[in-house]
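S.K.: The file below is start.txt, compact mmCIF, C-alpha atoms:
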# COMPACT_ATOMS: atom_id res chain seq x y z
CA MET A 14 0.00 0.00 0.00
CA MET A 15 2.85 2.38 0.82
CA ILE A 16 4.28 1.95 -2.67
CA ALA A 17 0.89 2.77 -4.19
CA LEU A 18 0.58 5.91 -2.03
CA VAL A 19 4.07 7.07 -3.00
CA LEU A 20 3.26 6.36 -6.66
CA MET A 21 0.05 8.41 -6.44
CA LEU A 22 1.84 11.31 -4.76
CA ALA A 23 4.60 11.21 -7.37
CA GLY A 24 1.93 11.09 -10.06
CA PHE A 25 0.21 14.24 -8.77
CA VAL A 26 3.54 16.08 -8.50
CA ALA A 27 4.57 15.04 -12.04
CA LEU A 28 1.11 15.85 -13.40
CA ILE A 29 0.85 19.35 -11.92
CA LYS A 30 4.47 20.29 -12.59
CA GLY A 31 4.18 18.87 -16.11
CA ALA A 32 1.09 20.99 -16.76
CA ASP A 33 2.94 24.08 -15.49
CA LEU A 34 5.96 23.48 -17.74
CA PHE A 35 3.89 22.60 -20.80
CA VAL A 36 1.61 25.61 -20.44
CA ASP A 37 4.49 28.01 -19.78
CA GLY A 38 6.30 26.71 -22.85
CA ALA A 39 3.16 26.98 -24.96
CA ALA A 40 2.57 30.55 -23.78
CA ARG A 41 6.13 31.59 -24.65
CA LEU A 42 5.85 29.90 -28.04
CA ALA A 43 2.57 31.69 -28.73
CA ARG A 44 4.00 35.06 -27.73
CA GLY A 45 7.05 34.44 -29.92
CA MET A 46 4.67 33.83 -32.83
CA HIS A 47 2.89 37.15 -32.04
CA ILE A 48 -0.40 35.47 -31.16
CA SER A 49 -2.72 37.90 -29.36
CA PRO A 50 -2.80 37.94 -25.54
CA MET A 51 -6.53 37.14 -25.62
CA ALA A 52 -6.00 34.02 -27.74
CA VAL A 53 -3.17 32.87 -25.47
CA GLY A 54 -5.28 33.36 -22.36
CA LEU A 55 -8.36 31.59 -23.69
CA THR A 56 -6.48 28.59 -25.06
CA VAL A 57 -3.47 28.11 -22.77
CA VAL A 58 -5.27 28.81 -19.48
CA ALA A 59 -8.21 26.57 -20.43
CA PHE A 60 -5.98 23.69 -21.49
CA GLY A 61 -3.50 24.14 -18.67
CA THR A 62 -5.94 23.75 -15.79
CA SER A 63 -7.70 20.78 -17.44
CA ALA A 64 -4.59 18.97 -18.72
CA PRO A 65 -4.38 16.71 -15.61
CA GLU A 66 -7.95 15.45 -16.14
CA LEU A 67 -7.23 14.92 -19.85
CA PHE A 68 -4.11 12.81 -19.35
CA VAL A 69 -5.60 10.82 -16.45
CA ASN A 70 -8.63 10.02 -18.61
CA ILE A 71 -6.52 9.05 -21.62
CA SER A 72 -4.50 6.70 -19.41
CA ALA A 73 -7.66 5.29 -17.82
CA GLY A 74 -9.33 4.81 -21.22
CA ILE A 75 -6.34 3.03 -22.73
CA SER A 76 -6.04 0.72 -19.71
CA GLY A 77 -9.79 0.02 -19.66
CA ASN A 78 -10.52 1.74 -16.31
CA THR A 79 -13.58 3.53 -17.68
CA ASP A 80 -15.27 3.95 -14.26
CA LEU A 81 -12.23 5.93 -13.14
CA ALA A 82 -12.34 8.10 -16.28
CA LEU A 83 -16.00 9.05 -15.92
CA GLY A 84 -15.77 9.49 -12.16
CA ASN A 85 -12.73 11.73 -12.57
CA VAL A 86 -14.57 14.24 -14.80
CA VAL A 87 -17.85 14.24 -12.86
CA GLY A 88 -16.01 14.44 -9.54
CA SER A 89 -13.70 17.19 -10.81
CA ASN A 90 -16.64 19.30 -12.00
CA ILE A 91 -18.37 18.93 -8.65
CA ALA A 92 -15.15 19.75 -6.77
CA ASN A 93 -14.46 22.75 -9.03
CA ILE A 94 -17.69 24.49 -8.04
CA LEU A 95 -18.37 23.34 -4.49
CA LEU A 96 -14.82 22.89 -3.16
CA ILE A 97 -12.62 25.22 -5.20
CA LEU A 98 -15.02 28.16 -5.53
CA GLY A 99 -16.06 27.58 -1.92
CA VAL A 100 -12.45 27.92 -0.73
CA THR A 101 -11.80 30.83 -3.09
CA ALA A 102 -14.90 32.71 -1.93
CA LEU A 103 -13.66 32.40 1.65
CA ALA A 104 -10.41 34.06 0.59
CA GLN A 105 -12.15 36.82 -1.37
CA PRO A 106 -15.82 37.36 -2.36
CA LEU A 107 -16.08 36.64 -6.09
CA THR A 108 -17.53 39.30 -8.39
CA VAL A 109 -18.69 37.82 -11.70
CA SER A 110 -19.30 39.57 -15.02
CA LYS A 111 -22.76 39.67 -16.60
CA GLY A 112 -21.50 37.61 -19.55
CA THR A 113 -20.29 34.81 -17.27
CA VAL A 114 -23.62 34.75 -15.41
CA TRP A 115 -25.81 34.57 -18.51
CA LYS A 116 -23.56 32.69 -20.95
CA GLU A 117 -20.69 30.68 -19.48
CA ILE A 118 -22.47 29.33 -16.36
CA PRO A 119 -25.55 28.22 -18.39
CA PHE A 120 -23.17 26.66 -20.95
CA SER A 121 -21.56 24.59 -18.17
CA LEU A 122 -25.05 23.49 -17.08
CA LEU A 123 -25.78 22.52 -20.71
CA ALA A 124 -22.60 20.41 -20.69
CA ALA A 125 -23.77 18.52 -17.59
CA LEU A 126 -27.28 18.08 -19.03
CA MET A 127 -25.96 16.80 -22.39
CA LEU A 128 -23.70 14.32 -20.61
CA TRP A 129 -26.68 12.96 -18.68
CA VAL A 130 -28.78 12.67 -21.87
CA LEU A 131 -26.04 10.82 -23.76
CA ALA A 132 -25.39 8.50 -20.82
CA SER A 133 -29.06 7.65 -20.15
CA ASP A 134 -29.69 4.99 -22.80
CA VAL A 135 -31.60 2.87 -20.27
CA TYR A 136 -34.03 5.64 -19.33
CA ILE A 137 -34.39 7.45 -22.66
CA ASP A 138 -34.06 4.66 -25.24
CA GLY A 139 -35.12 1.70 -23.10
CA ALA A 140 -31.79 -0.01 -23.83
CA ALA A 141 -30.47 -2.88 -21.74
CA SER A 142 -27.43 -0.90 -20.70
CA SER A 143 -26.06 2.63 -20.87
CA ALA A 144 -22.76 3.89 -22.26
CA ILE A 145 -21.14 7.00 -23.64
CA THR A 146 -20.27 5.56 -27.03
CA ARG A 147 -17.82 6.74 -29.66
CA SER A 148 -20.63 8.49 -31.52
CA ASP A 149 -21.61 10.21 -28.26
CA GLY A 150 -17.98 11.27 -27.90
CA ILE A 151 -18.10 12.83 -31.36
CA VAL A 152 -21.27 14.71 -30.33
CA LEU A 153 -19.49 16.06 -27.24
CA LEU A 154 -16.53 17.14 -29.36
CA GLY A 155 -18.98 18.87 -31.71
CA PHE A 156 -20.35 20.90 -28.78
CA PHE A 157 -16.77 21.70 -27.81
CA GLY A 158 -16.21 23.04 -31.33
CA ILE A 159 -19.28 25.26 -30.91
CA PHE A 160 -17.93 26.54 -27.60
CA ILE A 161 -14.54 27.32 -29.17
CA ALA A 162 -16.29 29.14 -32.04
CA TYR A 163 -18.30 31.15 -29.50
CA THR A 164 -15.12 31.95 -27.57
CA ALA A 165 -13.39 33.12 -30.76
CA SER A 166 -16.37 35.32 -31.63
CA ILE A 167 -16.04 37.27 -28.38
CA ALA A 168 -12.24 37.54 -28.52
CA GLU A 169 -11.97 41.00 -27.05
CA PRO A 170 -10.63 42.28 -23.71
CA VAL A 171 -12.53 40.68 -20.81
CA ALA A 172 -12.31 41.93 -17.24
CA GLY A 173 -10.32 39.53 -15.08
CA LEU A 174 -8.56 37.64 -17.87
CA PRO A 175 -4.82 37.76 -17.10
CA ASP A 176 -2.90 39.85 -19.60
CA VAL A 177 -0.03 38.12 -21.38
CA SER A 178 2.49 40.79 -22.26
CA PRO A 179 5.28 40.24 -24.81
CA ALA A 180 8.31 38.46 -23.40
CA PRO A 181 11.93 38.54 -24.48
CA ALA A 182 12.75 36.13 -27.26
CA GLU A 183 13.75 32.72 -26.01
CA LYS A 184 15.64 30.06 -27.88
CA ALA A 185 13.34 27.61 -29.64
CA ALA A 186 15.29 24.64 -28.29
CA ARG A 187 14.70 25.75 -24.68
CA ILE A 188 10.97 26.21 -25.27
CA ALA A 189 10.73 22.84 -27.03
CA LEU A 190 12.60 21.12 -24.18
CA LYS A 191 10.28 22.70 -21.60
CA MET A 192 7.21 21.51 -23.50
CA ILE A 193 8.64 18.01 -24.00
CA VAL A 194 9.48 17.65 -20.29
CA GLY A 195 6.02 18.97 -19.39
CA PHE A 196 4.34 16.58 -21.80
CA PHE A 197 6.11 13.54 -20.35
CA GLY A 198 5.30 14.78 -16.84
CA LEU A 199 1.62 14.81 -17.82
CA LEU A 200 1.88 11.45 -19.54
CA PHE A 201 3.65 9.55 -16.76
CA GLY A 202 1.91 11.42 -13.95
CA GLY A 203 -1.49 10.49 -15.37
CA ARG A 204 -0.45 6.87 -15.75
CA TRP A 205 0.95 6.65 -12.20
CA ILE A 206 -2.24 8.13 -10.72
CA VAL A 207 -4.48 5.67 -12.58
CA ASP A 208 -2.34 2.65 -11.67
CA SER A 209 -2.03 3.64 -8.00
CA ALA A 210 -5.75 4.48 -7.74
CA VAL A 211 -6.62 1.01 -9.08
CA ILE A 212 -4.19 -0.66 -6.63
CA LEU A 213 -5.38 1.34 -3.62
CA GLY A 214 -9.04 0.90 -4.54
CA ASP A 215 -8.63 -2.87 -4.81
CA LEU A 216 -6.65 -3.08 -1.54
CA LEU A 217 -9.20 -1.00 0.39
CA ALA A 218 -12.24 -2.42 -1.43
CA ILE A 219 -13.13 1.06 -2.72
CA PRO A 220 -14.97 1.01 -6.08
CA ARG A 221 -13.04 2.66 -8.90
CA ALA A 222 -15.91 5.03 -9.60
CA VAL A 223 -15.66 6.31 -6.01
CA MET A 224 -11.87 6.65 -6.30
CA GLY A 225 -12.42 8.72 -9.45
CA LEU A 226 -15.05 10.89 -7.78
CA THR A 227 -12.93 11.63 -4.72
CA VAL A 228 -9.15 11.21 -4.58
CA VAL A 229 -8.40 11.41 -8.31
CA ALA A 230 -10.95 14.18 -8.94
CA VAL A 231 -9.62 16.42 -6.16
CA GLY A 232 -6.01 15.73 -7.14
CA THR A 233 -6.53 16.65 -10.78
CA SER A 234 -8.42 19.78 -9.72
CA LEU A 235 -5.42 21.20 -7.85
CA PRO A 236 -4.40 23.44 -10.81
CA GLU A 237 -7.86 25.04 -10.78
CA LEU A 238 -7.57 25.53 -7.02
CA ALA A 239 -4.15 27.17 -7.28
CA THR A 240 -5.22 29.38 -10.20
CA SER A 241 -8.47 30.50 -8.57
CA VAL A 242 -7.05 31.23 -5.12
CA MET A 243 -4.08 33.17 -6.53
CA ALA A 244 -6.38 35.10 -8.87
CA ALA A 245 -8.64 36.02 -5.94
CA LYS A 246 -5.68 37.15 -3.82
CA ARG A 247 -4.48 39.38 -6.71
CA GLY A 248 -7.95 40.84 -7.02
CA ASP A 249 -8.63 39.15 -10.38
CA VAL A 250 -11.79 37.54 -9.03
CA GLU A 251 -13.46 37.26 -12.43
CA ILE A 252 -10.81 34.82 -13.63
CA ALA A 253 -11.38 32.67 -10.53
CA VAL A 254 -14.96 31.91 -11.56
CA GLY A 255 -14.25 31.95 -15.30
CA ASN A 256 -11.40 29.46 -14.84
CA VAL A 257 -13.63 26.98 -13.02
CA VAL A 258 -16.63 27.35 -15.34
CA GLY A 259 -14.44 27.10 -18.44
CA SER A 260 -12.68 24.05 -17.01
CA ASN A 261 -16.03 22.32 -16.38
CA ILE A 262 -17.09 22.93 -19.99
CA PHE A 263 -13.70 21.71 -21.23
CA ASN A 264 -13.88 18.60 -19.00
CA VAL A 265 -17.22 17.39 -20.34
CA PHE A 266 -17.15 18.38 -24.00
CA PHE A 267 -13.46 17.83 -24.78
CA ILE A 268 -12.02 15.43 -22.22
CA LEU A 269 -14.98 13.03 -22.05
CA GLY A 270 -15.40 13.41 -25.82
CA VAL A 271 -11.80 12.30 -26.39
CA SER A 272 -12.10 9.57 -23.73
CA ALA A 273 -15.24 8.09 -25.33
CA VAL A 274 -13.65 8.11 -28.79
CA ILE A 275 -10.66 6.19 -27.39
CA ARG A 276 -12.87 3.68 -25.58
CA PRO A 277 -16.67 3.75 -25.00
CA LEU A 278 -17.49 4.50 -21.35
CA PRO A 279 -20.07 2.14 -19.74
CA PHE A 280 -22.43 4.06 -17.50
CA ASN A 281 -24.03 2.60 -14.38
CA PRO A 282 -27.48 4.20 -13.85
CA ALA A 283 -26.66 4.35 -10.13
CA ALA A 284 -24.22 7.14 -11.03
CA ASN A 285 -27.17 9.36 -11.94
CA VAL A 286 -26.92 10.68 -8.38
CA ASP A 287 -23.44 12.01 -9.16
CA MET A 288 -24.70 13.50 -12.44
CA GLY A 289 -27.51 15.15 -10.50
CA VAL A 290 -25.07 16.66 -8.01
CA MET A 291 -22.96 18.00 -10.91
CA MET A 292 -26.02 19.68 -12.49
CA ALA A 293 -27.22 20.93 -9.09
CA ALA A 294 -23.80 22.49 -8.41
CA SER A 295 -24.01 24.50 -11.66
CA ILE A 296 -27.56 25.58 -10.83
CA LEU A 297 -26.46 26.56 -7.32
CA LEU A 298 -23.64 28.69 -8.71
CA PHE A 299 -26.16 30.46 -10.95
CA ILE A 300 -28.46 31.04 -7.95
CA PHE A 301 -25.57 32.45 -5.91
CA MET A 302 -25.30 35.24 -8.48
CA PHE A 303 -28.73 36.55 -7.38
CA THR A 304 -28.75 35.83 -3.64
CA GLY A 305 -27.23 38.46 -1.39
CA ARG A 306 -25.22 40.91 -3.51
CA LEU A 307 -25.91 40.76 -7.25
CA ARG A 308 -23.34 38.78 -9.29
CA ILE A 309 -21.17 38.18 -6.21
CA MET A 310 -20.38 34.87 -4.50
CA ASP A 311 -19.99 35.91 -0.87
CA ARG A 312 -18.14 34.15 1.93
CA TRP A 313 -21.32 32.68 3.43
CA GLU A 314 -22.13 31.16 0.03
CA GLY A 315 -18.62 29.70 -0.03
CA VAL A 316 -19.26 28.11 3.36
CA LEU A 317 -22.55 26.67 2.08
CA ALA A 318 -20.83 25.23 -1.00
CA LEU A 319 -18.16 23.59 1.17
CA LEU A 320 -20.80 22.14 3.47
CA ILE A 321 -22.67 20.62 0.51
CA TYR A 322 -19.42 19.16 -0.82
CA ALA A 323 -18.66 17.62 2.59
CA LEU A 324 -22.12 16.02 2.60
CA PHE A 325 -21.55 14.64 -0.92
CA ILE A 326 -18.20 13.09 0.09
CA THR A 327 -19.83 11.62 3.20
CA TYR A 328 -22.55 10.12 1.00
CA LEU A 329 -19.89 8.51 -1.21
CA LEU A 330 -17.77 7.12 1.61
CA PHE A 331 -20.43 6.14 4.16
CA PRO A 332 -21.21 2.71 2.61
CA LEU A 333 -17.50 1.82 2.69
CA PHE A 334 -17.43 2.07 6.48
CA SER A 335 -20.91 0.69 7.13
CA PRO A 336 -21.14 -3.11 6.76
CA GLY A 337 -24.30 -4.25 5.06
CA VAL A 338 -24.95 -0.90 3.36
CA PRO A 339 -24.82 -1.26 -0.46
CA ALA A 340 -22.26 0.81 -2.35
CA VAL A 341 -23.43 3.92 -4.23
CA SER A 342 -22.49 6.07 -7.18
CA GLY A 343 -22.16 3.55 -9.91
CA SER A 344 -20.04 1.25 -7.83
How would this structure read if it were set down as structure tokens?
M.R.:
Amino acid sequence: MMIALVLMLAGFVALIKGADLFVDGAARLARGMHISPMAVGLTVVAFGTSAPELFVNISAGISGNTDLALGNVVGSNIANILLILGVTALAQPLTVSKGTVWKEIPFSLLAALMLWVLASDVYIDGAASSAITRSDGIVLLGFFGIFIAYTASIAEPVAGLPDVSPAPAEKAARIALKMIVGFFGLLFGGRWIVDSAVILGDLLAIPRAVMGLTVVAVGTSLPELATSVMAAKRGDVEIAVGNVVGSNIFNVFFILGVSAVIRPLPFNPAANVDMGVMMAASILLFIFMFTGRLRIMDRWEGVLALLIYALFITYLLFPLFSPGVPAVSGS
């Protein structure tokens, strides 16, 4: 067990550091090519904070651990809103732009709703089993293309988006090396996390879906946590919310789309509870924009979000420590 724990810790370190190196290299490359600061921010920031989920899911899909792949994305999206924004709101109340309230947050809710529709073959089509198939993955990628097109159409200065100013020219070899090292950090880190999560789950009799929803999901959400908390401390509170909402959209449409194309993801109808929590979290974030101060997530709302997340984790883990109680969440 100790080896598995060390492997998981090493995986998270390699994954997060790899994402940092890869994104920094990509940003420098983009600036060297005179790509606009807006384009760099929208693409590099979005990919950078979701890269851990992407590489974990690719590793899980290739190795056949589909429960871990689906649980990772659903769990990450829940953690992003309830845990990360909850913690960030405690550090600094979060003021959100009108565009984020009426466009990006509803788009993240659409992503959760579409995922539920595509995964509900048993309920909607009367099929014997449910799965996110390769064709479903293509549909998700199509929605991701629409989101990218929408993002490109509004490519103008947005309050809270970090400015990327021109940097001194850097040798191409150094940038390439940084990106290569970062890529392999992502690749091996993702693989180590999946392997160690499977080993630990089997040793502790924890279903892989639950491992994905908890340990792996929180671990791969650390970049979002770091980005959001630092943005809030700098006063860039808009980017804290935009980072999380954009990451949730990216996770469902792109990461699950790619994962399903690699290997169809069987879906246990029992996991509808987790899907419901993911949709409810997006709805709750939307409601927070109108309770208390308009378009502001206050500290008390952060406390409420953290409390709800604690209850969700308790719901997931309670059967594991209660003999005779059936497992939940697609396990």
S.K.: Grab the CA of Leu238 (chain A) to CA of Leu96 (chain A) distance for me, in Å with one decimal place.
M.R.: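 One can read the CA of Leu238 (chain A) to CA of Leu96 (chain A) distance as 8.6 Å.
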S.K.: Quick one: residues within 12 Å of region 216-222 of chain A, all atoms listed in the file counted, chain neighbours fewer than 5 positions away excluded, as an MDAnalysis selection string?
M.R.: chainID A and resid 14:15 17:18 73 77:88 207:211 227:230 278:281 283:284 287 329:334 339:344
S.K.: Go through A:Leu200, A:Leu128, A:Ala162, A:Met21 and flag the residue nearest Leu213 (chain A), using only C-alpha atoms for the distances.
M.R.: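 Looking only at the distances to Leu213 (chain A), the closest residue turns out to be A:Met21.
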S.K.: So which one's closest to Phe25 (chain A), A:Glu66, A:Gly158, A:Ala186, A:Lys191? Using all atoms listed in the file, please.
M.R.: A:Glu66
S.K.: For a quick check of understanding, using only C-alpha atoms, which of A:Ala23, A:Ile137, A:Val194, A:Leu122 has the smallest distance to Ile91 (chain A)?
M.R.: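 Looking only at the distances to Ile91 (chain A), the closest residue turns out to be A:Leu122.
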S.K.: Using only C-alpha atoms, pick whichever of A:Met291, A:Phe263, A:Thr304, A:Val242 has the shortest atom-to-atom distance to Ile97 (chain A).
M.R.: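 Counting only C-alpha atoms, the residue closest to Ile97 (chain A) is A:Val242.
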